[in-house]
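Peer 1: Got start.txt for you, compact mmCIF, N, CA and C atoms:
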```
# COMPACT_ATOMS: atom_id res chain seq x y z
N MET A 16 -103.11 109.45 119.07
CA MET A 16 -103.21 110.25 120.27
C MET A 16 -102.87 109.39 121.47
N GLU A 17 -102.03 109.91 122.34
CA GLU A 17 -101.55 109.16 123.48
C GLU A 17 -102.43 109.44 124.70
N ALA A 18 -102.65 108.42 125.50
CA ALA A 18 -103.47 108.57 126.70
C ALA A 18 -102.72 109.42 127.73
N VAL A 19 -103.47 110.23 128.46
CA VAL A 19 -102.89 111.09 129.49
C VAL A 19 -102.64 110.26 130.73
N LYS A 20 -101.41 110.32 131.26
CA LYS A 20 -101.10 109.58 132.47
C LYS A 20 -101.48 110.43 133.67
N ARG A 21 -102.23 109.85 134.55
CA ARG A 21 -102.67 110.56 135.74
C ARG A 21 -102.08 109.88 136.97
N PRO A 22 -101.71 110.66 137.97
CA PRO A 22 -101.19 110.04 139.19
C PRO A 22 -102.32 109.29 139.91
N TRP A 23 -101.97 108.17 140.48
CA TRP A 23 -102.95 107.38 141.21
C TRP A 23 -102.49 107.27 142.65
N TYR A 24 -103.30 107.75 143.55
CA TYR A 24 -102.96 107.75 144.96
C TYR A 24 -103.70 106.60 145.63
N ARG A 25 -102.95 105.74 146.29
CA ARG A 25 -103.55 104.58 146.96
C ARG A 25 -104.06 105.00 148.32
N ILE A 26 -105.26 104.59 148.64
CA ILE A 26 -105.88 104.90 149.92
C ILE A 26 -105.84 103.64 150.78
N LYS A 27 -105.41 103.79 152.02
CA LYS A 27 -105.38 102.65 152.93
C LYS A 27 -106.80 102.22 153.24
N LYS A 28 -107.02 100.93 153.26
CA LYS A 28 -108.32 100.33 153.57
C LYS A 28 -109.42 100.92 152.69
N ALA A 29 -109.20 100.93 151.40
CA ALA A 29 -110.19 101.47 150.47
C ALA A 29 -111.44 100.60 150.46
N GLN A 30 -112.59 101.22 150.52
CA GLN A 30 -113.86 100.51 150.50
C GLN A 30 -114.36 100.29 149.07
N MET A 31 -113.98 101.21 148.17
CA MET A 31 -114.42 101.11 146.78
C MET A 31 -113.26 101.46 145.87
N SER A 32 -113.15 100.75 144.76
CA SER A 32 -112.13 101.03 143.76
C SER A 32 -112.81 100.97 142.39
N PHE A 33 -112.64 102.04 141.59
CA PHE A 33 -113.32 102.10 140.31
C PHE A 33 -112.61 103.08 139.39
N LEU A 34 -113.06 103.17 138.16
CA LEU A 34 -112.52 104.10 137.19
C LEU A 34 -113.49 105.27 137.02
N CYS A 35 -112.94 106.46 136.83
CA CYS A 35 -113.77 107.64 136.58
C CYS A 35 -114.45 107.46 135.23
N ALA A 36 -115.73 107.78 135.16
CA ALA A 36 -116.49 107.60 133.92
C ALA A 36 -116.11 108.60 132.84
N LEU A 37 -115.58 109.75 133.23
CA LEU A 37 -115.25 110.78 132.25
C LEU A 37 -113.80 110.70 131.77
N CYS A 38 -112.85 110.65 132.71
CA CYS A 38 -111.44 110.68 132.31
C CYS A 38 -110.76 109.31 132.36
N GLY A 39 -111.37 108.33 133.01
CA GLY A 39 -110.83 106.98 133.04
C GLY A 39 -109.71 106.77 134.05
N SER A 40 -109.50 107.72 134.95
CA SER A 40 -108.43 107.55 135.95
C SER A 40 -108.90 106.63 137.07
N GLN A 41 -107.95 105.94 137.67
CA GLN A 41 -108.23 105.00 138.77
C GLN A 41 -108.64 105.80 140.00
N ARG A 42 -109.74 105.39 140.66
CA ARG A 42 -110.24 106.09 141.84
C ARG A 42 -110.42 105.10 142.97
N GLN A 43 -110.24 105.56 144.19
CA GLN A 43 -110.53 104.78 145.39
C GLN A 43 -111.22 105.68 146.40
N MET A 44 -112.11 105.08 147.18
CA MET A 44 -112.82 105.84 148.20
C MET A 44 -112.70 105.11 149.52
N SER A 45 -112.60 105.88 150.60
CA SER A 45 -112.44 105.28 151.92
C SER A 45 -113.78 105.04 152.62
N LEU A 46 -114.86 105.60 152.11
CA LEU A 46 -116.18 105.41 152.71
C LEU A 46 -117.14 104.79 151.72
N ARG A 47 -118.11 104.07 152.25
CA ARG A 47 -119.21 103.54 151.44
C ARG A 47 -120.42 104.44 151.64
N SER A 48 -121.37 104.32 150.74
CA SER A 48 -122.57 105.15 150.86
C SER A 48 -123.44 104.71 152.03
N ARG A 49 -123.35 103.46 152.39
CA ARG A 49 -124.15 102.95 153.51
C ARG A 49 -123.24 102.59 154.68
N PRO A 50 -123.72 102.81 155.91
CA PRO A 50 -122.91 102.48 157.09
C PRO A 50 -122.67 100.97 157.21
N SER A 51 -121.53 100.62 157.78
CA SER A 51 -121.20 99.22 157.98
C SER A 51 -121.65 98.79 159.38
N VAL A 52 -121.47 97.52 159.68
CA VAL A 52 -121.82 96.99 161.00
C VAL A 52 -121.00 97.69 162.07
N ARG A 53 -119.75 97.95 161.77
CA ARG A 53 -118.88 98.65 162.72
C ARG A 53 -119.42 100.04 163.03
N ASN A 54 -119.94 100.73 162.03
CA ASN A 54 -120.52 102.06 162.25
C ASN A 54 -121.75 101.99 163.14
N TYR A 55 -122.58 100.96 162.96
CA TYR A 55 -123.76 100.82 163.81
C TYR A 55 -123.36 100.53 165.26
N ILE A 56 -122.31 99.75 165.45
CA ILE A 56 -121.82 99.48 166.81
C ILE A 56 -121.30 100.77 167.43
N GLN A 57 -120.56 101.57 166.66
CA GLN A 57 -120.06 102.85 167.17
C GLN A 57 -121.20 103.78 167.56
N MET A 58 -122.25 103.82 166.75
CA MET A 58 -123.37 104.69 167.07
C MET A 58 -124.10 104.21 168.32
N THR A 59 -124.25 102.91 168.47
CA THR A 59 -124.89 102.37 169.67
C THR A 59 -124.09 102.73 170.91
N LEU A 60 -122.77 102.63 170.82
CA LEU A 60 -121.92 102.99 171.96
C LEU A 60 -121.99 104.48 172.25
N LEU A 61 -122.02 105.32 171.22
CA LEU A 61 -122.12 106.76 171.41
C LEU A 61 -123.43 107.14 172.08
N ILE A 62 -124.53 106.56 171.62
CA ILE A 62 -125.83 106.86 172.21
C ILE A 62 -125.88 106.37 173.66
N SER A 63 -125.29 105.20 173.92
CA SER A 63 -125.24 104.69 175.30
C SER A 63 -124.45 105.64 176.19
N LEU A 64 -123.34 106.17 175.69
CA LEU A 64 -122.52 107.10 176.46
C LEU A 64 -123.28 108.38 176.76
N VAL A 65 -123.97 108.93 175.76
CA VAL A 65 -124.74 110.16 175.97
C VAL A 65 -125.85 109.92 176.99
N CYS A 66 -126.53 108.78 176.89
CA CYS A 66 -127.59 108.46 177.86
C CYS A 66 -127.02 108.28 179.26
N ALA A 67 -125.84 107.67 179.35
CA ALA A 67 -125.21 107.48 180.67
C ALA A 67 -124.80 108.82 181.27
N LEU A 68 -124.32 109.73 180.44
CA LEU A 68 -123.94 111.05 180.96
C LEU A 68 -125.15 111.87 181.38
N LEU A 69 -126.27 111.70 180.71
CA LEU A 69 -127.49 112.45 181.03
C LEU A 69 -128.36 111.76 182.08
N TRP A 70 -127.98 110.57 182.50
CA TRP A 70 -128.81 109.78 183.41
C TRP A 70 -129.14 110.51 184.72
N PRO A 71 -128.19 111.17 185.39
CA PRO A 71 -128.53 111.83 186.66
C PRO A 71 -129.63 112.89 186.53
N TRP A 72 -129.77 113.51 185.39
CA TRP A 72 -130.74 114.58 185.23
C TRP A 72 -132.01 114.12 184.52
N MET A 73 -131.92 113.14 183.63
CA MET A 73 -133.07 112.84 182.78
C MET A 73 -133.59 111.41 182.89
N ASP A 74 -132.94 110.52 183.58
CA ASP A 74 -133.33 109.10 183.66
C ASP A 74 -133.51 108.52 182.24
N TYR A 75 -134.63 107.83 182.02
CA TYR A 75 -134.86 107.22 180.71
C TYR A 75 -135.22 108.24 179.63
N ARG A 76 -135.56 109.44 180.05
CA ARG A 76 -135.92 110.47 179.08
C ARG A 76 -134.71 110.90 178.24
N GLY A 77 -133.50 110.52 178.66
CA GLY A 77 -132.30 110.81 177.88
C GLY A 77 -132.29 110.08 176.54
N LEU A 78 -133.12 109.02 176.42
CA LEU A 78 -133.21 108.28 175.16
C LEU A 78 -133.88 109.10 174.06
N VAL A 79 -134.49 110.24 174.46
CA VAL A 79 -135.11 111.12 173.47
C VAL A 79 -134.07 111.63 172.49
N PHE A 80 -132.83 111.79 172.94
CA PHE A 80 -131.77 112.32 172.08
C PHE A 80 -131.23 111.29 171.08
N ALA A 81 -131.53 110.02 171.30
CA ALA A 81 -130.98 108.96 170.44
C ALA A 81 -131.32 109.14 168.96
N PRO A 82 -132.58 109.36 168.59
CA PRO A 82 -132.86 109.53 167.15
C PRO A 82 -132.19 110.76 166.55
N PHE A 83 -132.08 111.83 167.32
CA PHE A 83 -131.44 113.04 166.81
C PHE A 83 -129.95 112.82 166.57
N ILE A 84 -129.30 112.13 167.49
CA ILE A 84 -127.88 111.81 167.33
C ILE A 84 -127.70 110.90 166.12
N TRP A 85 -128.57 109.93 165.98
CA TRP A 85 -128.48 108.98 164.87
C TRP A 85 -128.65 109.69 163.52
N VAL A 86 -129.64 110.56 163.41
CA VAL A 86 -129.88 111.29 162.16
C VAL A 86 -128.71 112.22 161.86
N LEU A 87 -128.20 112.91 162.86
CA LEU A 87 -127.06 113.80 162.66
C LEU A 87 -125.85 113.01 162.17
N TRP A 88 -125.61 111.85 162.77
CA TRP A 88 -124.48 111.02 162.34
C TRP A 88 -124.66 110.55 160.90
N GLU A 89 -125.87 110.13 160.54
CA GLU A 89 -126.14 109.68 159.17
C GLU A 89 -125.90 110.81 158.17
N LEU A 90 -126.34 112.02 158.50
CA LEU A 90 -126.13 113.16 157.61
C LEU A 90 -124.65 113.48 157.44
N ILE A 91 -123.89 113.42 158.51
CA ILE A 91 -122.45 113.67 158.43
C ILE A 91 -121.77 112.60 157.59
N HIS A 92 -122.14 111.34 157.81
CA HIS A 92 -121.55 110.23 157.06
C HIS A 92 -121.84 110.37 155.57
N TYR A 93 -123.08 110.70 155.23
CA TYR A 93 -123.45 110.86 153.82
C TYR A 93 -122.73 112.06 153.20
N GLY A 94 -122.59 113.13 153.98
CA GLY A 94 -121.88 114.30 153.49
C GLY A 94 -120.41 114.01 153.21
N LEU A 95 -119.77 113.25 154.09
CA LEU A 95 -118.37 112.87 153.87
C LEU A 95 -118.23 111.97 152.64
N PHE A 96 -119.20 111.09 152.44
CA PHE A 96 -119.18 110.23 151.25
C PHE A 96 -119.33 111.06 149.98
N ARG A 97 -120.29 111.99 149.99
CA ARG A 97 -120.52 112.83 148.81
C ARG A 97 -119.32 113.73 148.51
N ARG A 98 -118.58 114.11 149.55
CA ARG A 98 -117.41 114.95 149.34
C ARG A 98 -116.31 114.21 148.59
N GLN A 99 -116.27 112.88 148.71
CA GLN A 99 -115.27 112.07 148.02
C GLN A 99 -115.65 111.73 146.58
N LEU A 100 -116.91 111.93 146.20
CA LEU A 100 -117.36 111.50 144.87
C LEU A 100 -116.73 112.23 143.70
N PRO A 101 -116.60 113.56 143.70
CA PRO A 101 -116.04 114.22 142.51
C PRO A 101 -114.61 113.77 142.22
N CYS A 102 -114.33 113.55 140.94
CA CYS A 102 -112.99 113.13 140.52
C CYS A 102 -112.02 114.29 140.71
N PRO A 103 -110.88 114.07 141.36
CA PRO A 103 -109.91 115.16 141.55
C PRO A 103 -109.18 115.53 140.26
N HIS A 104 -109.28 114.70 139.22
CA HIS A 104 -108.56 114.95 137.98
C HIS A 104 -109.39 115.72 136.96
N CYS A 105 -110.70 115.44 136.91
CA CYS A 105 -111.53 116.10 135.89
C CYS A 105 -112.75 116.81 136.48
N GLY A 106 -113.08 116.58 137.75
CA GLY A 106 -114.20 117.25 138.38
C GLY A 106 -115.55 116.59 138.16
N PHE A 107 -115.57 115.40 137.54
CA PHE A 107 -116.83 114.72 137.25
C PHE A 107 -117.42 114.13 138.53
N ASP A 108 -118.70 114.42 138.76
CA ASP A 108 -119.41 113.91 139.95
C ASP A 108 -120.57 113.05 139.47
N VAL A 109 -120.50 111.76 139.75
CA VAL A 109 -121.51 110.82 139.25
C VAL A 109 -122.87 111.06 139.90
N ALA A 110 -122.92 111.56 141.13
CA ALA A 110 -124.20 111.82 141.77
C ALA A 110 -124.94 112.95 141.06
N TRP A 111 -124.23 114.00 140.70
CA TRP A 111 -124.87 115.08 139.95
C TRP A 111 -125.27 114.62 138.56
N TYR A 112 -124.46 113.76 137.95
CA TYR A 112 -124.79 113.25 136.63
C TYR A 112 -126.08 112.44 136.67
N ALA A 113 -126.28 111.67 137.74
CA ALA A 113 -127.50 110.87 137.86
C ALA A 113 -128.73 111.76 138.08
N LYS A 114 -128.54 112.90 138.77
CA LYS A 114 -129.67 113.80 139.04
C LYS A 114 -129.97 114.71 137.85
N ASP A 115 -128.92 115.40 137.36
CA ASP A 115 -129.12 116.38 136.30
C ASP A 115 -127.84 116.51 135.48
N VAL A 116 -127.90 116.13 134.22
CA VAL A 116 -126.73 116.12 133.36
C VAL A 116 -126.20 117.54 133.14
N ARG A 117 -127.10 118.51 133.01
CA ARG A 117 -126.67 119.89 132.79
C ARG A 117 -125.85 120.42 133.96
N VAL A 118 -126.28 120.11 135.17
CA VAL A 118 -125.54 120.56 136.34
C VAL A 118 -124.18 119.87 136.38
N ALA A 119 -124.12 118.61 136.04
CA ALA A 119 -122.85 117.89 136.03
C ALA A 119 -121.89 118.50 135.01
N LYS A 120 -122.40 118.85 133.83
CA LYS A 120 -121.56 119.51 132.82
C LYS A 120 -121.05 120.86 133.32
N ARG A 121 -121.93 121.60 133.98
CA ARG A 121 -121.54 122.91 134.50
C ARG A 121 -120.45 122.77 135.57
N LYS A 122 -120.58 121.76 136.42
CA LYS A 122 -119.58 121.56 137.48
C LYS A 122 -118.23 121.17 136.89
N VAL A 123 -118.22 120.33 135.85
CA VAL A 123 -116.96 119.97 135.19
C VAL A 123 -116.35 121.21 134.54
N ARG A 124 -117.17 122.01 133.89
CA ARG A 124 -116.69 123.24 133.25
C ARG A 124 -116.10 124.19 134.29
N GLU A 125 -116.78 124.34 135.44
CA GLU A 125 -116.27 125.20 136.51
C GLU A 125 -114.95 124.67 137.06
N PHE A 126 -114.83 123.34 137.15
CA PHE A 126 -113.59 122.75 137.63
C PHE A 126 -112.42 123.11 136.71
N TRP A 127 -112.65 122.99 135.39
CA TRP A 127 -111.57 123.29 134.45
C TRP A 127 -111.27 124.79 134.39
N GLU A 128 -112.29 125.64 134.54
CA GLU A 128 -112.04 127.07 134.57
C GLU A 128 -111.26 127.48 135.80
N LYS A 129 -111.50 126.80 136.91
CA LYS A 129 -110.77 127.10 138.14
C LYS A 129 -109.29 126.72 138.01
N LEU A 130 -109.00 125.70 137.23
CA LEU A 130 -107.60 125.29 137.02
C LEU A 130 -106.85 126.25 136.13
N ASP A 131 -107.55 126.91 135.24
CA ASP A 131 -106.87 127.83 134.30
C ASP A 131 -106.52 129.14 134.93
```
As structure tokens - that is how I would like this structure written.

Peer 2:
Amino acid sequence: MEAVKRPWYRIKKAQMSFLCALCGSQRQMSLRSRPSVRNYIQMTLLISLVCALLWPWMDYRGLVFAPFIWVLWELIHYGLFRRQLPCPHCGFDVAWYAKDVRVAKRKVREFWEKLD
């Protein structure tokens, strides 16, 4: 039996490179699960900008928005990371596999049914 050749798309500045656990195709991801130092600097600058824009009306009370902005950014970052996890070739998602194997099997089955 011959191995199935799958196209491999190279991602610029890939943060992670690995093989799919189900189909064995080469995978790359542009985001990591945890924010980098650069991301923390960007968030600090964003919060500073929001506080500076709100300064005429709220003074130091504008810092109240900082935790909300930070949490919202973390949720968006994690959501973008999770969106990259499923394999585009077979539909296998390692996060679902770690949580519940039955759900992971169902998602792979749905992926293949959608292709047919």

Peer 1: Could you pull out the strand (DSSP E or B) residues of chain A, going by DSSP on the backbone, and write them as a count of residues only?

Peer 2: 8

Peer 1: In file coordinates, which residues lie within 9 Å of (-124.2, 107.6, 151.2) using only C-alpha atoms, given as a list in words?

Peer 2: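 Result, sorted by chain then residue number: Leu46, Arg47, Ser48, Arg49, Pro50, Glu89, Leu90, His92, Tyr93, Gly94, Leu95, Phe96 and Arg97 of chain A.
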
Peer 1: I'd like to know which of A:Phe107, A:Tyr112, A:Gln43, A:Pro82 is closest to Arg124 (chain A), using all atoms listed in the file.

Peer 2: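 Checking each of A:Phe107, A:Tyr112, A:Gln43, A:Pro82 against Arg124 (chain A), counting all atoms listed in the file, the winner is A:Phe107.
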
Peer 1: In terms of the shortest atom-to-atom distance over all atoms listed in the file, which of A:Ile84, A:Cys66, A:Leu34, A:Cys105 is closest to Trp127 (chain A)?

Peer 2: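 Of A:Ile84, A:Cys66, A:Leu34, A:Cys105, the one nearest Trp127 (chain A), counting all atoms listed in the file, is A:Cys105.
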
Peer 1: To test your reading of the structure, identify every residue in chain A that backbone DSSP assigns to helix (DSSP H, G or I), and report it as a VMD selection string.

Peer 2: chain A and resid 52 to 99 109 to 114 116 to 130

Peer 1: So, with only C-alpha atoms as the atoms that count, which of A:Trp88, A:Lys27, A:Met73, A:Ser32 lies closest to Gln57 (chain A)?

Peer 2: A:Trp88

Peer 1: Neighbouring residues of Ser45 (chain A) were defined as those with any atom within 6.5 Å, considering only N, CA and C atoms; residues of the same chain fewer than 4 positions away were excluded. Please report them as a count of residues only.

Peer 2: 4

Peer 1: Rounded to one decimal place, report the atom C of Arg76 (chain A)-atom C of Asn54 (chain A) distance in Å.

Peer 2: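 Pair atom C of Arg76 (chain A) / atom C of Asn54 (chain A) returns 21.8 Å.
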
Peer 1: Go ahead and compute the interatomic distance for CA of Val86 (chain A) and CA of Val116 (chain A), in Å to one decimal.

Peer 2: 29.4 Å

Peer 1: One decimal, Å: what's the distance from atom N of Met44 (chain A) over to CA of Gly106 (chain A), could you say?

Peer 2: 15.2 Å

Peer 1: Considering only N, CA and C atoms, can you say which of A:Leu60, A:Asp108, A:Ala67, A:Ile91 comes closest to Val123 (chain A)?

Peer 2: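 Among the listed residues, the smallest separation from Val123 (chain A) belongs to A:Asp108.
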
Peer 1: From the list A:Arg25, A:Pro103, A:Met58, A:Trp70, which residue is nearest Leu87 (chain A) when using only C-alpha atoms?

Peer 2: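 Of all the options, A:Met58 lies closest to Leu87 (chain A).
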